[in-house]
Structures are given as structure tokens and as C-alpha cells.
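Trainee: My structure is below; once you've seen it, I'll send some questions.
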Amino acid sequence: MRYKNIVEGRFISRPNRFVANVTVDGRTEVCHVKNTGRCRELLTEGAQVWLEKAEPSAQRKTMYDLVAVRKGDRLINMDSAAPNAAAGEFLPTVFPDGNIRSEFTYGNSRFDFYIESDNRKILLEVKGVTLEEDGIVMFPDAPTERGVKHINELSRCLDEGFETYLLFVIQMKDVRYFTPNDTTHPEFGQALRRAAERGVKLMTYDCNVTPDSIKIRNKVEIKL
């Protein structure tokens, strides 16, 4: 996926999870943070960030969306909407003969993607990963009961004749491996291991990231 109207800035502070103060061309601007996770290791004072300048709208309170940040030598996309958009471009290469639908409702649950291919019925959830330490990437960066719920729903749907997948989109490149963040949310790691044992398929890929784009790239090793 590709952004429009990208500008560079410097991070100042994050008053709450929805907005950040940044400097752009010597001015202080309030921008929308497109990620409600903690991101404390990313949004440090003085960090180089990239913002998408939005089209004027009466519905918006800010002119910019924060979409990427530099952490050391790494450029990391931190837009929580980007993994689904990148997955939508990527999945036709994994299921070339599949009929792929996004935002699929089944029963009382909504899944990111539904794929029909031959006689296969596939439900797929996407999670974006931005937390990295020494090349090891982890999810989640904050407790996520919603994430546990999604994993349990995928496991349940196995009993109803679906293939189910959980795709972790790592919003950076050149990482060592992926593992669940048991320190932050042990219940998520436990649910992920149970789901994998039951037959939920795990897919983990890194991404090519530039200030104005993100594209799924290579498989990444998973260590449960």
C-alpha cells in the first residue's frame, strides 16, 4: 500500500493514545496517531517520524496522521490500518485462485478476510507487529483481550469446517524471529499455542517499509 502527501517531522510528546505533538517545518502540530498501542519504544522524544497530510475535512480535528517512525537503523510503519491493507494486496499471491472478501461476518464474529478456493472455506485474521527488541519481534505490545477473543474464535471455527489462519504482519524488515509477548500478556501466548496445536495456521511475514509505503515481503520464523 502507498500513502499520499508524506512529510517528515520530529516527535515531541503523546498527550494521549490518539494524538501526538510533532514539529513539522519548524511548527508544532497536533497529529492523529494511527495506533492505540503503547509504542513507548517507538515514540521517544526527538524521534524522526513521517506523517500523512490529510485532505481538509470538517470531520477532522488534526491535519496529519502519524504513520512511520525511525528506531535506530529501522524504519517502522506504525499505522494499525496498514497490515490489513498490505494483506489485501498480498493474499492473492498466497491464494491465487481464491475469492477473497474482507470484513467477513460469520455468526456473531467479524473476520478480516474470508477466502473460498476450490472446496476450501478459509477465515483469516491479521495482526500488525511493531514491537522489536534486538531483532526479535513480539505481539502484543499491550494486553489485548480482543486478540485472545479472535484466536479463540478461529479455533472454534475449525469445528465448523473452516480452515483458519492468523497472519502476523511485521511492520519492518530484517528481523530474527517472532514470538508471543508472554511478559506483557501471558494469556495471549497461551491462547496462541493452544490454537496452533488445534490446527489454526500461523503465518508471519516482514515488510519492506518506506516513509510512504509498506509491502509484505518474506516469511519470518516463529518461536512459540
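Residues are named by chain letter and number: chains run A, B, ... in the order of the C-alpha cells, numbers start at 1 in each chain, and ligands are numbered from 1 in the order shown.
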Could you give me the residues within range 77-197 of chain A that DSSP places in alpha helix (DSSP H), as number ranges by chain?
Mentor: A: 82-94, 145-158, 186-197
Trainee: Just to be explicit: take each residue in the selection above, keep C-alpha atoms, and write the result as a CSV table (one decimal), in the first residue's frame.
Mentor:
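out.csv, freshly written:
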chain,number,residue,atom,x,y,z
A,82,ALA,CA,-1.7,-0.7,7.2
A,83,PRO,CA,-1.4,-4.5,7.9
A,84,ASN,CA,-4.9,-5.2,6.6
A,85,ALA,CA,-4.3,-3.1,3.5
A,86,ALA,CA,-1.0,-4.8,2.9
A,87,ALA,CA,-2.6,-8.2,3.5
A,88,GLY,CA,-5.3,-7.4,0.9
A,89,GLU,CA,-2.6,-6.9,-1.7
A,90,PHE,CA,-0.6,-9.9,-0.6
A,91,LEU,CA,-3.2,-12.6,-0.2
A,92,PRO,CA,-3.9,-13.1,-3.9
A,93,THR,CA,-0.3,-14.4,-4.2
A,94,VAL,CA,-1.0,-17.0,-1.5
A,145,GLU,CA,-8.5,-9.3,25.4
A,146,ARG,CA,-9.7,-8.7,21.9
A,147,GLY,CA,-6.7,-10.5,20.4
A,148,VAL,CA,-7.4,-13.5,22.7
A,149,LYS,CA,-11.0,-13.5,21.6
A,150,HIS,CA,-10.0,-13.5,17.9
A,151,ILE,CA,-7.7,-16.5,18.5
A,152,ASN,CA,-10.5,-18.5,20.3
A,153,GLU,CA,-13.0,-17.7,17.5
A,154,LEU,CA,-10.6,-19.0,14.9
A,155,SER,CA,-10.2,-22.2,17.0
A,156,ARG,CA,-13.9,-22.6,17.3
A,157,CYS,CA,-14.5,-22.2,13.6
A,158,LEU,CA,-12.2,-25.2,12.9
A,186,PRO,CA,0.7,-14.4,29.0
A,187,GLU,CA,-2.9,-15.3,28.2
A,188,PHE,CA,-2.4,-14.3,24.6
A,189,GLY,CA,0.7,-16.5,24.3
A,190,GLN,CA,-1.2,-19.4,25.9
A,191,ALA,CA,-4.2,-19.0,23.5
A,192,LEU,CA,-1.9,-18.8,20.5
A,193,ARG,CA,-0.1,-22.0,21.4
A,194,ARG,CA,-3.4,-23.8,22.0
A,195,ALA,CA,-4.7,-22.6,18.7
A,196,ALA,CA,-1.6,-23.7,16.8
A,197,GLU,CA,-1.9,-27.2,18.4
Trainee: Skip Leu202 in chain A itself and residues of its chain fewer than 4 positions away, then list as a PyMOL selection string all residues within 10 Å of it, counting only C-alpha atoms.
Mentor: chain A and resi 124-125+164-168+192+195-196+222
Trainee: Could you dump the residues just selected with C-alpha atoms as an mmCIF file, in the first residue's frame?
Mentor:
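Contents of the output file selection09.cif:
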data_model
loop_
_atom_site.group_PDB
_atom_site.id
_atom_site.type_symbol
_atom_site.label_atom_id
_atom_site.label_comp_id
_atom_site.auth_asym_id
_atom_site.auth_seq_id
_atom_site.Cartn_x
_atom_site.Cartn_y
_atom_site.Cartn_z
ATOM 1 C CA LEU A 124 -8.141 -15.246 8.289
ATOM 2 C CA GLU A 125 -7.289 -12.654 10.941
ATOM 3 C CA THR A 164 -8.378 -20.749 9.854
ATOM 4 C CA TYR A 165 -5.264 -18.585 9.666
ATOM 5 C CA LEU A 166 -3.658 -15.911 11.794
ATOM 6 C CA LEU A 167 -1.360 -13.638 9.796
ATOM 7 C CA PHE A 168 1.162 -11.521 11.690
ATOM 8 C CA LEU A 192 -1.857 -18.770 20.505
ATOM 9 C CA ALA A 195 -4.740 -22.589 18.682
ATOM 10 C CA ALA A 196 -1.641 -23.737 16.803
ATOM 11 C CA ILE A 222 8.000 -18.345 14.560
#
Trainee: I'd like the interatomic distance between CA of Thr179 in chain A and CA of Phe113 in chain A, to a tenth of an Å.
Mentor: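 Atom-to-atom, CA of Thr179 in chain A and CA of Phe113 in chain A are spaced 23.1 Å apart.
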Trainee: Report, in Å with one decimal, the straight-line distance from CA of His185 in chain A to CA of Asp134 in chain A.
Mentor: 19.7 Å
Trainee: Go through A:Asn77, A:Pro211, A:Phe18, A:Leu123 one by one, measure the shortest atom-to-atom distance of each to Lys61 in chain A using only C-alpha atoms, and give the residue with the smallest value.
Mentor: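 Ranking A:Asn77, A:Pro211, A:Phe18, A:Leu123 by distance to Lys61 in chain A, first place goes to A:Phe18.
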